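What follows is one structure encoded as structure tokens, with my remarks underneath.
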Amino acid sequence: MDSERRRALRACGGLLAALAAAGFVPPALAQSGAGAWNAAAFGAADLDAALTVLGAAGSVESPDIRIEAPEVSDTGGTVPVAVTSDIPGTDAIALLVDKNPTALSAVIEVPAGTDPWVNLNLRMAESGNVVALVRATGRYYHARRGVKLVQGGCE
Amino acid sequence: MTEHVSEPTRIRAVLTGGKGGDTVEVRMRLVHDMETGRRTGADGKVVPAWFVQRVSVTHRGRTVFAAQCGPTVSRNPQFAFRFSGAKAGESVAVTWVDSRGESRRDEAAIMPG
């Protein structure tokens, strides 16, 4: 595809829309219903700003969210984190790291039939808290877990 | 700019929960540098941000997992999750799209537990 057409497609508004128009987007992603990549949320610097952009500023701490993460990690580049939500109606789990330059790491959609559990690796710039934010029946809940780093890894 | 060729996502999908179980545990490892845009390269210049933004997994045309990522997901992102309603021999497809608009789709068969 030549660069002129590529530029024109970009101008259509929305990278995914442009890619879909060019026939490049795998159908599953175009239909996933999650909308465009949430640049505002991923660009928010601190935890409170990210929660606000996500519409979760009123989130309540919940003991029904379990976070497994190492107490001490020798590298911040790969911190394994597992989150389980026991809150009924969980349909999304977000991972944030409060001391990272941008707090939001990932947002996971949990469709019906999928367990409210996710395991992933995060980068942490320095010792701090991993925060798991859960959306369930339109309300937000969170839990946090401290991880101490021997060496930071956000670079 | 040189053409970038992406590498396959490693996918392992296994039925769990004993005989007759229809829950699949999926573990995947994407191959992607996940550049944060904050790293200085060997040439002394800042390496531009370049990272997977969206991942989705489908089973028989239905999305069973979807994620939006930022660059603070680790290099070569790994995810694990579980979903129900599948049989051995059926397949799951993992698709990702990154911040440059590159995308990649890989499939794997569901293995018996």
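Simple scheme: letters A, B, ... for chains in structure tokens order, numbers from 1 for residues in each chain, numbers from 1 for ligands in the order shown.
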Taking only C-alpha atoms into account, which residues of chain A are within 7 Å of chain B, as an mmCIF file with C-alpha atoms, in the first residue's frame?
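Output (iface.cif):
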data_model
loop_
_atom_site.group_PDB
_atom_site.id
_atom_site.type_symbol
_atom_site.label_atom_id
_atom_site.label_comp_id
_atom_site.auth_asym_id
_atom_site.auth_seq_id
_atom_site.Cartn_x
_atom_site.Cartn_y
_atom_site.Cartn_z
ATOM 1 C CA ALA A 28 -11.680 -10.469 16.448
ATOM 2 C CA LEU A 29 -9.937 -7.304 17.550
ATOM 3 C CA SER A 32 -13.779 -6.956 20.735
ATOM 4 C CA TRP A 37 -6.793 2.052 22.851
ATOM 5 C CA PHE A 42 -2.389 4.939 29.725
ATOM 6 C CA GLY A 77 11.729 -5.468 34.531
ATOM 7 C CA THR A 78 9.669 -8.595 35.036
ATOM 8 C CA SER A 105 -0.145 -1.065 32.973
ATOM 9 C CA ALA A 106 -2.955 -3.140 31.507
ATOM 10 C CA VAL A 107 -6.730 -3.474 31.360
ATOM 11 C CA ILE A 108 -8.080 -6.994 31.001
ATOM 12 C CA GLU A 109 -11.606 -7.708 29.759
ATOM 13 C CA VAL A 110 -13.263 -10.733 31.351
ATOM 14 C CA PRO A 111 -16.065 -11.975 29.073
ATOM 15 C CA GLY A 113 -17.268 -17.839 30.592
ATOM 16 C CA THR A 114 -13.789 -16.559 31.391
ATOM 17 C CA ASP A 115 -12.486 -16.855 34.962
ATOM 18 C CA TRP A 117 -8.167 -14.440 37.029
ATOM 19 C CA VAL A 118 -5.154 -13.180 35.142
ATOM 20 C CA ASN A 119 -1.438 -13.749 35.399
ATOM 21 C CA LEU A 120 0.958 -11.347 33.710
ATOM 22 C CA ASN A 121 4.381 -9.724 34.067
ATOM 23 C CA LEU A 122 4.709 -6.026 34.864
ATOM 24 C CA ARG A 123 7.552 -3.548 34.920
ATOM 25 C CA CYS A 154 10.973 0.742 33.756
ATOM 26 C CA GLU A 155 13.495 1.613 31.065
#
*Could you check how far CA of Ile65 (chain A) sits from CA of Asp98 (chain A), in Å to one decimal?*
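Rounded to one decimal, the two atoms are 17.3 Å apart.
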_Could you pull out the strand (DSSP E or B) residues of region 42-101 of chain B, going by DSSP on the backbone, and write them as a PyMOL selection string?_
chain B and resi 46+50+52-59+62-69+73+78-84+91-98
*Å distance separating CA of Asp48 (chain A) from CA of Gly146 (chain A), one decimal place*: 17.2 Å
*Can you tell me, as a PyMOL selection string, what residues are no more than 10 Å from Ile87 (chain A) when counting only C-alpha atoms, ignoring any on the same chain fewer than 4 positions away?*
chain A and resi 62-65+91+116+134-137+141
*Near Ala132 (chain A), counting only C-alpha atoms, which residues have an atom at most 8 Å away, once you skip same-chain residues fewer than 4 positions from it, shown as a list of chain:residue names?*
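Counting only C-alpha atoms, the residues come to A:Ile65, A:Ile67, A:Val83, A:Ile93, A:Ala94, A:Leu95, A:Leu96, A:His142, A:Ala143, A:Arg144.
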Output file for the selection above: N, CA and C atoms, as a PDB file, in the first residue's frame:
ATOM      1  N   ILE A  65     -10.404  -9.325  46.461  1.00  0.00           N
ATOM      2  CA  ILE A  65      -9.478  -9.303  45.328  1.00  0.00           C
ATOM      3  C   ILE A  65      -8.131  -9.786  45.867  1.00  0.00           C
ATOM      4  N   ILE A  67      -4.162 -10.538  45.228  1.00  0.00           N
ATOM      5  CA  ILE A  67      -3.020 -10.257  44.364  1.00  0.00           C
ATOM      6  C   ILE A  67      -1.850 -11.122  44.831  1.00  0.00           C
ATOM      7  N   VAL A  83      -3.804 -11.954  39.633  1.00  0.00           N
ATOM      8  CA  VAL A  83      -4.950 -11.330  40.301  1.00  0.00           C
ATOM      9  C   VAL A  83      -6.151 -12.254  40.169  1.00  0.00           C
ATOM     10  N   ILE A  93     -10.504  -6.301  34.843  1.00  0.00           N
ATOM     11  CA  ILE A  93      -9.453  -6.197  35.860  1.00  0.00           C
ATOM     12  C   ILE A  93      -8.362  -5.307  35.274  1.00  0.00           C
ATOM     13  N   ALA A  94      -7.990  -4.268  35.995  1.00  0.00           N
ATOM     14  CA  ALA A  94      -6.911  -3.394  35.531  1.00  0.00           C
ATOM     15  C   ALA A  94      -5.741  -3.502  36.505  1.00  0.00           C
ATOM     16  N   LEU A  95      -4.539  -3.404  35.981  1.00  0.00           N
ATOM     17  CA  LEU A  95      -3.335  -3.442  36.803  1.00  0.00           C
ATOM     18  C   LEU A  95      -2.664  -2.080  36.750  1.00  0.00           C
ATOM     19  N   LEU A  96      -2.365  -1.527  37.907  1.00  0.00           N
ATOM     20  CA  LEU A  96      -1.668  -0.242  37.982  1.00  0.00           C
ATOM     21  C   LEU A  96      -0.480  -0.392  38.924  1.00  0.00           C
ATOM     22  N   HIS A 142     -10.843  -2.222  44.553  1.00  0.00           N
ATOM     23  CA  HIS A 142      -9.408  -2.395  44.346  1.00  0.00           C
ATOM     24  C   HIS A 142      -8.745  -3.052  45.537  1.00  0.00           C
ATOM     25  N   ALA A 143      -7.544  -3.536  45.296  1.00  0.00           N
ATOM     26  CA  ALA A 143      -6.669  -4.050  46.354  1.00  0.00           C
ATOM     27  C   ALA A 143      -5.258  -3.657  45.957  1.00  0.00           C
ATOM     28  N   ARG A 144      -4.358  -3.629  46.923  1.00  0.00           N
ATOM     29  CA  ARG A 144      -2.981  -3.283  46.603  1.00  0.00           C
ATOM     30  C   ARG A 144      -2.029  -4.242  47.309  1.00  0.00           C
TER      31      ARG A 144
END
